[in-house]
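Just input.tsv here, TSV, C-alpha atoms:
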chain	number	residue	atom	x	y	z
A	1	MET	CA	126.79	107.17	98.85
A	2	GLN	CA	125.09	103.84	99.15
A	3	HIS	CA	124.05	102.07	95.98
A	4	PRO	CA	120.29	101.39	95.89
A	5	CYS	CA	120.91	97.68	95.46
A	6	ARG	CA	123.31	97.30	98.37
A	7	LYS	CA	122.12	94.40	100.47
A	8	GLN	CA	120.28	95.50	103.60
A	9	HIS	CA	120.23	93.63	106.90
A	10	HIS	CA	117.11	91.45	106.97
A	11	TYR	CA	115.68	88.62	108.99
A	12	THR	CA	115.08	85.03	108.04
A	13	ARG	CA	111.71	83.35	108.03
A	14	ARG	CA	112.93	81.22	110.96
A	15	GLU	CA	113.66	84.39	112.98
A	16	PHE	CA	110.37	85.92	111.96
A	17	LEU	CA	108.36	82.89	113.05
A	18	GLY	CA	110.30	82.77	116.28
A	19	VAL	CA	108.84	86.07	117.46
A	20	MET	CA	105.26	85.22	116.61
A	21	SER	CA	102.83	83.34	118.78
A	22	ALA	CA	101.66	79.89	117.73
A	23	ALA	CA	98.20	81.28	117.00
A	24	ALA	CA	99.57	84.03	114.78
A	25	VAL	CA	101.74	81.56	112.90
A	26	ALA	CA	98.74	79.33	112.28
A	27	THR	CA	96.70	82.26	111.00
A	28	VAL	CA	99.42	83.39	108.62
A	29	ALA	CA	100.04	79.88	107.40
A	30	THR	CA	96.37	79.36	106.59
A	31	ALA	CA	95.92	82.71	104.87
A	32	CYS	CA	99.08	82.45	102.81
A	33	GLN	CA	99.24	78.77	101.96
A	34	SER	CA	99.07	79.54	98.25
A	35	GLN	CA	100.86	82.91	98.35
A	36	LEU	CA	104.55	83.33	97.68
A	37	SER	CA	105.42	86.47	99.64
A	38	GLN	CA	107.89	87.91	102.11
A	39	SER	CA	106.94	89.96	105.16
A	40	PRO	CA	109.04	92.38	107.18
A	41	THR	CA	109.85	91.64	110.78
A	42	THR	CA	109.41	93.96	113.71
A	43	VAL	CA	112.75	95.18	115.03
A	44	PRO	CA	113.65	98.04	117.34
A	45	ALA	CA	115.62	100.95	115.90
A	46	PRO	CA	117.18	104.13	117.24
A	47	ALA	CA	114.65	106.95	117.40
A	48	THR	CA	116.92	109.14	115.29
A	49	ARG	CA	116.79	106.78	112.31
A	50	PRO	CA	113.62	106.41	110.25
A	51	ILE	CA	112.24	102.91	109.73
A	52	VAL	CA	110.82	101.81	106.41
A	53	ALA	CA	109.30	98.35	105.99
A	54	VAL	CA	109.11	96.37	102.76
A	55	ALA	CA	106.90	93.39	101.91
A	56	THR	CA	105.99	91.49	98.78
A	57	ALA	CA	102.63	90.50	97.34
A	58	HIS	CA	101.81	89.27	93.87
A	59	ASP	CA	98.14	90.12	93.59
A	60	TYR	CA	95.41	92.13	95.30
A	61	ASP	CA	93.76	89.26	97.15
A	62	PRO	CA	92.21	90.95	100.23
A	63	VAL	CA	93.54	88.35	102.68
A	64	THR	CA	97.07	88.72	101.34
A	65	ILE	CA	96.93	92.52	101.31
A	66	ARG	CA	95.60	92.72	104.87
A	67	LYS	CA	98.27	90.32	106.09
A	68	GLN	CA	101.08	92.23	104.40
A	69	VAL	CA	99.87	95.67	105.47
A	70	ARG	CA	99.60	94.35	109.03
A	71	ALA	CA	103.19	93.17	108.77
A	72	LEU	CA	104.33	96.57	107.52
A	73	LEU	CA	102.58	98.32	110.38
A	74	ASP	CA	104.08	95.93	112.92
A	75	ALA	CA	107.54	96.49	111.50
A	76	THR	CA	107.28	100.27	111.68
A	77	GLY	CA	105.92	100.37	115.21
A	78	GLY	CA	102.20	100.25	114.44
A	79	LEU	CA	99.78	103.15	114.33
A	80	LYS	CA	100.25	104.14	117.97
A	81	GLY	CA	101.27	107.76	117.98
A	82	ILE	CA	99.95	108.17	114.44
A	83	VAL	CA	96.26	107.39	114.94
A	84	SER	CA	94.67	108.12	118.32
A	85	THR	CA	91.31	107.23	119.82
A	86	ASN	CA	88.42	109.30	118.45
A	87	SER	CA	90.67	110.95	115.88
A	88	THR	CA	89.94	111.83	112.25
A	89	VAL	CA	92.09	110.48	109.40
A	90	ALA	CA	92.38	111.29	105.71
A	91	ILE	CA	93.92	108.87	103.20
A	92	LYS	CA	95.10	110.56	100.00
A	93	VAL	CA	95.02	108.20	97.02
A	94	ASN	CA	96.24	108.65	93.44
A	95	LEU	CA	93.37	108.53	90.94
A	96	THR	CA	95.11	110.44	88.17
A	97	GLY	CA	93.80	110.87	84.66
A	98	GLY	CA	90.16	109.95	85.10
A	99	VAL	CA	88.23	107.15	83.45
A	100	SER	CA	88.07	108.79	80.01
A	101	ASN	CA	91.71	107.96	79.39
A	102	ARG	CA	92.19	104.69	77.56
A	103	PRO	CA	93.91	102.23	79.93
A	104	LEU	CA	97.06	100.36	79.03
A	105	PRO	CA	96.41	97.35	76.76
A	106	GLY	CA	95.13	94.32	78.68
A	107	VAL	CA	95.40	95.84	82.15
A	108	SER	CA	93.10	97.97	84.29
A	109	ALA	CA	93.96	101.40	85.66
A	110	ILE	CA	94.03	100.15	89.26
A	111	GLU	CA	96.52	97.46	88.27
A	112	SER	CA	98.83	99.86	86.47
A	113	TYR	CA	98.78	103.58	87.28
A	114	VAL	CA	96.25	104.43	90.02
A	115	THR	CA	96.14	103.29	93.65
A	116	HIS	CA	94.39	99.95	94.06
A	117	PRO	CA	91.37	100.18	96.42
A	118	GLU	CA	92.24	96.94	98.25
A	119	VAL	CA	95.40	98.56	99.61
A	120	VAL	CA	93.29	101.45	100.90
A	121	ARG	CA	90.73	99.06	102.37
A	122	ALA	CA	93.39	97.23	104.39
A	123	LEU	CA	94.95	100.42	105.72
A	124	GLY	CA	91.52	101.87	106.48
A	125	GLN	CA	90.59	98.81	108.51
A	126	PHE	CA	93.69	99.16	110.67
A	127	VAL	CA	93.11	102.90	111.07
A	128	LEU	CA	89.62	102.22	112.43
A	129	GLU	CA	90.89	99.40	114.65
A	130	ALA	CA	93.43	101.88	116.07
A	131	GLY	CA	90.53	104.00	117.31
A	132	ALA	CA	89.83	106.57	114.58
A	133	LYS	CA	86.23	107.79	114.68
A	134	LYS	CA	86.12	109.28	111.19
A	135	LEU	CA	87.88	108.24	107.98
A	136	TYR	CA	88.06	110.22	104.76
A	137	ILE	CA	89.39	109.02	101.40
A	138	VAL	CA	90.48	112.11	99.50
A	139	GLU	CA	91.64	113.06	96.01
A	140	SER	CA	91.15	115.82	93.47
A	141	VAL	CA	89.47	113.53	90.97
A	142	TYR	CA	89.50	114.29	87.25
A	143	GLU	CA	86.02	112.82	86.91
A	144	ASP	CA	83.41	111.89	89.51
A	145	ALA	CA	83.03	108.51	87.79
A	146	SER	CA	86.52	107.59	89.00
A	147	TRP	CA	85.21	106.79	92.49
A	148	HIS	CA	82.75	104.20	91.18
A	149	THR	CA	84.66	102.81	88.20
A	150	TRP	CA	87.76	102.12	90.24
A	151	GLY	CA	85.90	100.62	93.21
A	152	TYR	CA	86.24	103.39	95.76
A	153	ASP	CA	82.58	103.83	96.53
A	154	THR	CA	82.41	100.14	97.48
A	155	ILE	CA	85.55	100.39	99.62
A	156	ALA	CA	84.31	103.55	101.32
A	157	GLU	CA	80.97	101.90	102.14
A	158	SER	CA	82.70	98.88	103.65
A	159	LEU	CA	84.80	101.15	105.88
A	160	GLY	CA	82.11	103.68	106.69
A	161	ALA	CA	84.46	106.24	105.12
A	162	THR	CA	83.57	109.47	103.34
A	163	LEU	CA	84.86	110.22	99.83
A	164	VAL	CA	85.97	113.84	99.40
A	165	ASP	CA	86.82	115.46	96.07
A	166	LEU	CA	89.47	118.01	97.01
A	167	ASN	CA	88.62	120.08	93.93
A	168	ASN	CA	85.51	121.19	95.83
A	169	THR	CA	84.87	122.97	99.13
A	170	TRP	CA	82.48	120.33	100.54
A	171	PRO	CA	81.79	119.80	103.40
A	172	HIS	CA	82.55	123.51	103.84
A	173	ASN	CA	81.55	126.58	101.87
A	174	ASP	CA	85.01	127.83	101.00
A	175	PHE	CA	88.65	126.77	100.80
A	176	ALA	CA	91.28	127.25	103.49
A	177	GLN	CA	94.41	129.26	102.81
A	178	VAL	CA	97.15	127.04	104.17
A	179	PRO	CA	100.63	128.55	104.70
A	180	VAL	CA	103.79	126.79	103.60
A	181	GLY	CA	105.91	128.44	106.26
A	182	ASN	CA	109.26	130.17	106.25
A	183	GLY	CA	111.37	129.72	103.17
A	184	ALA	CA	108.54	128.78	100.78
A	185	PHE	CA	109.89	128.28	97.28
A	186	LEU	CA	107.05	129.23	94.94
A	187	TYR	CA	103.81	129.41	96.93
A	188	LYS	CA	103.52	131.04	100.33
A	189	THR	CA	100.03	129.55	100.75
A	190	PHE	CA	97.82	126.99	99.02
A	191	ASN	CA	94.05	127.01	98.66
A	192	LEU	CA	93.03	123.63	100.06
A	193	ASN	CA	89.91	121.86	101.28
A	194	HIS	CA	89.45	122.49	105.01
A	195	ILE	CA	89.38	118.71	105.60
A	196	LEU	CA	93.15	118.62	105.12
A	197	GLN	CA	93.65	121.03	108.03
A	198	GLU	CA	90.99	119.52	110.25
A	199	VAL	CA	92.09	115.88	110.28
A	200	ASP	CA	94.38	114.64	113.02
A	201	THR	CA	96.27	112.27	110.71
A	202	PHE	CA	97.07	112.56	107.00
A	203	MET	CA	98.19	109.48	105.04
A	204	SER	CA	99.52	109.25	101.49
A	205	VAL	CA	98.86	106.03	99.54
A	206	PRO	CA	100.27	106.40	96.02
A	207	LYS	CA	101.05	104.03	93.20
A	208	MET	CA	104.76	103.33	92.61
A	209	LYS	CA	105.65	104.91	89.25
A	210	THR	CA	108.18	106.93	87.31
A	211	HIS	CA	107.08	110.43	86.27
A	212	ASN	CA	107.83	112.50	83.20
A	213	VAL	CA	108.70	115.67	85.13
A	214	ALA	CA	109.31	114.61	88.74
A	215	GLY	CA	111.27	111.48	87.77
A	216	ILE	CA	109.81	109.41	90.61
A	217	THR	CA	106.26	109.70	91.93
A	218	LEU	CA	105.63	108.20	95.35
A	219	SER	CA	104.13	109.55	98.59
A	220	MET	CA	105.48	113.10	98.37
A	221	LYS	CA	104.59	113.69	94.71
A	222	ASN	CA	101.13	112.32	95.49
A	223	LEU	CA	100.38	115.64	97.21
A	224	PHE	CA	100.12	117.40	93.85
A	225	GLY	CA	96.58	116.04	93.93
A	226	ILE	CA	95.56	117.90	97.09
A	227	ALA	CA	95.51	121.21	95.20
A	228	PRO	CA	92.15	122.13	93.61
A	229	LEU	CA	92.59	122.26	89.84
A	230	ARG	CA	90.72	125.56	89.42
A	231	PHE	CA	93.37	127.60	91.23
A	232	TYR	CA	96.46	126.13	89.64
A	233	ARG	CA	95.95	126.15	85.88
A	234	GLN	CA	96.80	128.82	83.35
A	235	SER	CA	93.59	128.41	81.36
A	236	GLU	CA	90.11	127.12	82.21
A	237	GLN	CA	90.50	124.67	79.33
A	238	ASP	CA	93.50	122.97	80.92
A	239	ASN	CA	92.73	119.64	82.60
A	240	TYR	CA	95.98	119.57	84.58
A	241	ARG	CA	97.72	121.99	86.94
A	242	SER	CA	99.40	123.98	84.18
A	243	GLY	CA	100.05	126.81	86.60
A	244	PHE	CA	102.24	124.52	88.68
A	245	HIS	CA	104.14	123.50	85.56
A	246	GLY	CA	104.60	127.03	84.20
A	247	PRO	CA	106.60	127.72	81.02
A	248	ALA	CA	108.26	124.64	79.52
A	249	ASN	CA	111.74	125.90	80.30
A	250	GLU	CA	110.83	126.24	84.00
A	251	THR	CA	108.80	123.08	84.56
A	252	GLY	CA	111.73	120.91	85.60
A	253	SER	CA	112.52	123.29	88.45
A	254	ARG	CA	109.01	124.41	89.39
A	255	VAL	CA	107.42	120.98	89.86
A	256	PRO	CA	110.02	119.57	92.30
A	257	HIS	CA	109.99	122.73	94.41
A	258	ILE	CA	106.18	122.84	94.49
A	259	ILE	CA	106.15	119.20	95.64
A	260	VAL	CA	108.25	120.27	98.62
A	261	ASP	CA	106.07	123.34	99.28
A	262	LEU	CA	102.95	121.14	99.33
A	263	ASN	CA	104.58	118.72	101.75
A	264	ARG	CA	105.36	121.59	104.11
A	265	ALA	CA	101.83	122.97	103.90
A	266	ARG	CA	100.25	119.56	104.64
A	267	PRO	CA	102.83	117.18	106.13
A	268	ILE	CA	102.32	113.45	105.65
A	269	ASN	CA	102.01	111.42	108.86
A	270	PHE	CA	102.20	107.98	107.26
A	271	ALA	CA	102.97	106.64	103.78
A	272	LEU	CA	101.96	103.30	102.27
A	273	ILE	CA	103.09	102.69	98.68
A	274	ASP	CA	101.27	100.37	96.29
A	275	GLY	CA	103.91	98.77	94.08
A	276	ILE	CA	102.22	95.42	93.58
A	277	LYS	CA	101.16	96.08	90.00
A	278	SER	CA	102.30	99.26	88.39
A	279	SER	CA	103.64	100.92	85.26
A	280	GLU	CA	106.94	102.34	84.06
A	281	GLY	CA	108.05	104.99	81.61
A	282	GLY	CA	105.70	107.64	82.98
A	283	GLU	CA	102.75	108.38	85.21
A	284	GLY	CA	99.93	107.23	82.92
A	285	PRO	CA	98.95	105.99	79.46
A	286	TRP	CA	98.89	109.55	78.08
A	287	ILE	CA	102.71	109.48	78.20
A	288	ASN	CA	104.40	107.78	75.25
A	289	GLY	CA	106.23	104.59	76.19
A	290	VAL	CA	104.34	103.75	79.38
A	291	ALA	CA	104.06	100.00	79.99
A	292	ALA	CA	102.62	97.83	82.74
A	293	LEU	CA	104.84	95.83	85.07
A	294	GLU	CA	104.42	93.83	88.28
A	295	PRO	CA	107.04	94.67	90.92
A	296	GLY	CA	105.10	92.80	93.62
A	297	LEU	CA	105.98	95.31	96.34
A	298	LEU	CA	104.45	97.17	99.25
A	299	LEU	CA	106.34	99.52	101.56
A	300	ALA	CA	105.45	101.85	104.38
A	301	GLY	CA	106.84	104.29	106.90
A	302	ALA	CA	105.97	107.26	109.08
A	303	ASP	CA	108.69	109.36	107.42
A	304	PRO	CA	107.59	110.12	103.84
A	305	LEU	CA	111.00	111.19	102.53
A	306	ALA	CA	112.65	108.07	103.93
A	307	THR	CA	109.85	105.89	102.59
A	308	ASP	CA	110.18	107.43	99.13
A	309	THR	CA	113.95	107.02	99.29
A	310	VAL	CA	113.53	103.28	99.87
A	311	GLY	CA	110.85	103.16	97.16
A	312	THR	CA	113.27	104.82	94.75
A	313	ALA	CA	115.91	102.19	95.56
A	314	LEU	CA	113.37	99.41	94.99
A	315	MET	CA	112.78	100.95	91.55
A	316	GLY	CA	116.51	100.69	90.80
A	317	TYR	CA	117.55	104.29	91.44
A	318	ASP	CA	119.35	106.44	94.00
A	319	ALA	CA	117.35	109.22	95.66
A	320	THR	CA	120.51	111.39	95.86
A	321	THR	CA	120.97	111.44	92.06
A	322	PRO	CA	121.68	114.92	90.64
A	323	ALA	CA	119.26	116.81	88.42
A	324	MET	CA	118.97	115.76	84.77
A	325	LYS	CA	120.26	112.26	85.51
A	326	GLU	CA	118.10	109.12	85.49
A	327	PRO	CA	115.44	108.97	86.75
A	328	PHE	CA	115.26	112.79	87.05
A	329	VAL	CA	115.84	113.24	83.34
A	330	HIS	CA	113.69	116.35	82.89
A	331	GLY	CA	114.38	118.31	86.04
A	332	GLU	CA	115.56	118.56	89.61
A	333	ASN	CA	115.37	115.92	92.33
A	334	HIS	CA	112.62	116.79	94.83
A	335	PHE	CA	114.02	114.32	97.37
A	336	ALA	CA	117.32	116.23	97.41
A	337	ILE	CA	115.47	119.54	97.74
A	338	ALA	CA	113.44	118.20	100.67
A	339	ALA	CA	116.55	116.85	102.39
A	340	SER	CA	118.40	120.15	101.87
A	341	ILE	CA	115.82	122.06	103.94
A	342	GLY	CA	115.68	119.53	106.75
A	343	LEU	CA	112.60	117.47	105.89
A	344	GLY	CA	114.51	114.23	106.43
A	345	THR	CA	117.08	112.10	104.67
A	346	ASN	CA	117.28	110.88	101.08
A	347	ARG	CA	120.30	108.70	101.88
A	348	LEU	CA	119.56	104.98	102.01
A	349	ALA	CA	122.44	104.47	104.45
A	350	ASP	CA	120.62	106.62	107.02
A	351	ILE	CA	117.43	104.53	106.98
A	352	ASP	CA	116.63	101.24	108.70
A	353	VAL	CA	115.06	99.06	106.03
A	354	VAL	CA	113.12	96.12	107.46
A	355	GLY	CA	112.07	93.11	105.41
A	356	PRO	CA	113.58	91.44	102.36
A	357	ALA	CA	116.87	92.83	101.09
A	358	ILE	CA	116.43	95.53	98.47
A	359	SER	CA	118.77	93.64	96.16
A	360	ASP	CA	116.50	90.59	96.35
A	361	VAL	CA	113.25	92.35	95.40
A	362	MET	CA	114.36	95.42	93.41
A	363	ARG	CA	112.68	95.86	90.03
A	364	LYS	CA	114.29	98.37	87.69
A	365	PHE	CA	111.74	100.82	86.27
A	366	LYS	CA	112.27	102.52	82.93
A	367	PRO	CA	112.52	106.29	83.34
A	368	SER	CA	110.13	108.62	81.54
A	369	TYR	CA	111.79	110.32	78.58
Can I see the file as C-alpha cells?
Amino acid sequence: MQHPCRKQHHYTRREFLGVMSAAAVATVATACQSQLSQSPTTVPAPATRPIVAVATAHDYDPVTIRKQVRALLDATGGLKGIVSTNSTVAIKVNLTGGVSNRPLPGVSAIESYVTHPEVVRALGQFVLEAGAKKLYIVESVYEDASWHTWGYDTIAESLGATLVDLNNTWPHNDFAQVPVGNGAFLYKTFNLNHILQEVDTFMSVPKMKTHNVAGITLSMKNLFGIAPLRFYRQSEQDNYRSGFHGPANETGSRVPHIIVDLNRARPINFALIDGIKSSEGGEGPWINGVAALEPGLLLAGADPLATDTVGTALMGYDATTPAMKEPFVHGENHFAIAASIGLGTNRLADIDVVGPAISDVMRKFKPSY
C-alpha cells in the first residue's frame, strides 16, 4: 500500500517550458507574472493506467483558473474522446445547503463549501471550444436563489449554458427511470431528470471536502445531488435525502453503497475538483467543527475513482483505508466498494499522477466527527 504522501514522479519547470512553444511560454509568463502556481506537464502514459493531473492556484482569478484548467486538460490528454463536435455536455456542480444557511465566518460559500463558478466557467469554455453544441450546468438546488447568489446565472449567460435544477422534470414532463445494472446494492433504478441520460458527456465538478458520513466528498459523492429530493426522503418535511440515509444505525453503510449505485446509473466522463479554497471537518457550516482552509489545489482526470483517489491523498488520507478509520470515521469507504466491483482503482500506486509531487502540495484536512 502506498502512503498518500509518497513522492510522485514529476517534472521540473525547465522540462515543462522545454515542451512549450515560445508563444505559449510568453502567454503563460504574462498571465502568471504575479501568480505563484505549479502546473502539470503533459506526459504519455500506458492506456491501462489512469492519469490524474494536479495543479495549484491560490485564488479564483479568471486568467489563473483558465490557465491551470488548460494545463490539467493538456496533461490528461485533452477533451478529445470526451467531448465531440456537436455534442451535448452536462456539468454537475455542488451547491449544497442553499443560501439560507449561514456561511462560515468571514468567508463566502463559494470560497469554502460549494463549487466556485470560475472553475465551471473555465471548464465550460474548453468544452465549447472542443466542439460541444449545448452545455448544461446541473444540480438539485436547495433553493432557486442559489443560482443567482453564487454567480451561476452570470456564468451560464457568459457560456450560453442552460441551468437545470435536477429536482424538477424540466425540460421534460416526467422523470426517467435509470437502471443501475447488475449487482445493484440498494436501488435497482433511480428517478432522474432525462437530461442526464440525453447528454453525450457528463462531468462532475465538486468542491474538495471531508464529509460527516462519506468521509471524503469529491467527484463520486457529488452524484448524490443528481437525485431529485422528492423521491429520496422519508418525510416531506425533510430538506435532505433522508431516504438515502435511512435509520441511523444503517447510514454508514447505506450512503457509501448508494454513491456507487449512482455512479453506475450515471457514469462520470470527466472530473475536475475545486480545492483552491475549501473547508474541513464536514461538508458545510451546519456540521459542528467545520472551518475554512485554502489548499490551493485543482485536479482532474477522466477516471473519477482514480481522480478521487489522488484527491484523497492530497487531503492527507489513503483511499484504501478500512471502514471506521479516518477519514471514514462514521461508515464504509465508497472508494473501496467501487474498486471491489471493478469501477477502477483506489490504489495510488496504480495511477499516473502528473504535476507537483503530492508530498509537496498535500494539505491535511480534519475529518468530520
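Proximity to Ala323 (chain A) was assessed for A:Gly215, A:Gly151, A:Pro103, A:Pro206 counting only C-alpha atoms; the smallest distance is recorded for A:Gly215.
In this model, the gap between CA of Val93 (chain A) and CA of Val205 (chain A) comes to 5.1 Å.
With only C-alpha atoms as the atoms that count, the minimum distance from Asn101 (chain A) to the choices A:Pro62, A:Ala156, A:Val213, A:Gly284 is reached by A:Gly284.
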Give me the residues near Leu229 (chain A) as an MDAnalysis selection string, where near means some atom within 10 Å (using only C-alpha atoms) and where sequence neighbours in that chain fewer than 6 positions away do not count. chainID A and resid 140:142 166:168 236 238:244
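Minimum atom-to-atom distances from A:Ile51, A:Ala214, A:Leu293, A:Leu72 to Val255 (chain A) were compared using all atoms listed in the file, and the lowest value belongs to A:Ala214.
Residues of protein, DNA or RNA having at least one counted atom within 9 Å of (104.9, 105.9, 81.6), given all atoms listed in the file, are Tyr113, Lys209, Thr210, His211, Asn212, Ser279, Glu280, Gly281, Gly282, Glu283, Gly284, Pro285, Trp286, Ile287, Asn288, Gly289, Val290, Ala291, Ala292, Lys366, Pro367, Ser368 and Tyr369 of chain A.
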Please determine, counting all atoms listed in the file, which residue among A:Ile216, A:Val107, A:Ala338, A:Ala248 has the shortest atom-to-atom distance to Phe185 (chain A). A:Ala338
Write out as a Markdown table the residues of region 217-312 of chain A that have any atom within 12 Å of an atom of region 342-362 of chain A, one row each with the nearest atom pair and its distance in Å to one decimal, counting only C-alpha atoms, sorted by chain and then rising number.
| residue | atom | partner | partner_atom | distance |
| --- | --- | --- | --- | --- |
| A:Met220 | CA | A:Leu343 | CA | 11.2 |
| A:Val260 | CA | A:Leu343 | CA | 8.9 |
| A:Asp261 | CA | A:Leu343 | CA | 11.0 |
| A:Asn263 | CA | A:Leu343 | CA | 9.1 |
| A:Arg264 | CA | A:Leu343 | CA | 8.5 |
| A:Pro267 | CA | A:Leu343 | CA | 9.8 |
| A:Ile268 | CA | A:Leu343 | CA | 11.0 |
| A:Gly275 | CA | A:Met362 | CA | 11.0 |
| A:Ile276 | CA | A:Val361 | CA | 11.6 |
| A:Glu294 | CA | A:Met362 | CA | 11.3 |
| A:Pro295 | CA | A:Met362 | CA | 7.8 |
| A:Gly296 | CA | A:Val361 | CA | 8.4 |
| A:Leu297 | CA | A:Val361 | CA | 7.9 |
| A:Leu298 | CA | A:Gly355 | CA | 10.6 |
| A:Leu299 | CA | A:Gly355 | CA | 9.4 |
| A:Ala300 | CA | A:Val354 | CA | 10.1 |
| A:Gly301 | CA | A:Val353 | CA | 9.8 |
| A:Ala302 | CA | A:Gly344 | CA | 11.3 |
| A:Asp303 | CA | A:Gly344 | CA | 7.7 |
| A:Pro304 | CA | A:Gly344 | CA | 8.5 |
| A:Leu305 | CA | A:Gly344 | CA | 6.1 |
| A:Ala306 | CA | A:Thr345 | CA | 6.0 |
| A:Thr307 | CA | A:Ile351 | CA | 8.9 |
| A:Asp308 | CA | A:Asn346 | CA | 8.1 |
| A:Thr309 | CA | A:Asn346 | CA | 5.4 |
| A:Val310 | CA | A:Leu348 | CA | 6.6 |
| A:Gly311 | CA | A:Met362 | CA | 9.3 |
| A:Thr312 | CA | A:Met362 | CA | 9.6 |
Since we have the selection now, will you write its residues out, keeping C-alpha atoms, as a compact mmCIF listing (two decimals), keeping the file's coordinate frame?
# COMPACT_ATOMS: atom_id res chain seq x y z
CA MET A 220 105.48 113.10 98.37
CA VAL A 260 108.25 120.27 98.62
CA ASP A 261 106.07 123.34 99.28
CA ASN A 263 104.58 118.72 101.75
CA ARG A 264 105.36 121.59 104.11
CA PRO A 267 102.83 117.18 106.13
CA ILE A 268 102.32 113.45 105.65
CA GLY A 275 103.91 98.77 94.08
CA ILE A 276 102.22 95.42 93.58
CA GLU A 294 104.42 93.83 88.28
CA PRO A 295 107.04 94.67 90.92
CA GLY A 296 105.10 92.80 93.62
CA LEU A 297 105.98 95.31 96.34
CA LEU A 298 104.45 97.17 99.25
CA LEU A 299 106.34 99.52 101.56
CA ALA A 300 105.45 101.85 104.38
CA GLY A 301 106.84 104.29 106.90
CA ALA A 302 105.97 107.26 109.08
CA ASP A 303 108.69 109.36 107.42
CA PRO A 304 107.59 110.12 103.84
CA LEU A 305 111.00 111.19 102.53
CA ALA A 306 112.65 108.07 103.93
CA THR A 307 109.85 105.89 102.59
CA ASP A 308 110.18 107.43 99.13
CA THR A 309 113.95 107.02 99.29
CA VAL A 310 113.53 103.28 99.87
CA GLY A 311 110.85 103.16 97.16
CA THR A 312 113.27 104.82 94.75
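Residues in contact range of Leu123 (chain A), defined as at most 10 Å between only C-alpha atoms, with sequence neighbours fewer than 6 positions away removed, read A:Ile65, A:Arg66, A:Val69, A:Arg70, A:Leu73, A:Ile91, A:Pro117, A:Glu129, A:Met203, A:Val205, A:Leu272.
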Quick check, in Å to one decimal: how far apart do CA of Leu218 (chain A) and CA of Ile273 (chain A) lie? 6.9 Å
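Nearest-residue note for His194 (chain A): choosing from A:Thr154, A:Thr169, A:Gln237, A:Asn249, the minimum distance belongs to A:Thr169, counting all atoms listed in the file.
Taking CA of Ala319 (chain A) and CA of Gly246 (chain A) as endpoints, the distance between them is 24.7 Å.
Compared by their closest atoms to Val52 (chain A), and using all atoms listed in the file, the residues A:Phe126, A:Leu314, A:Ile155, A:Gly181 rank with A:Leu314 nearest.
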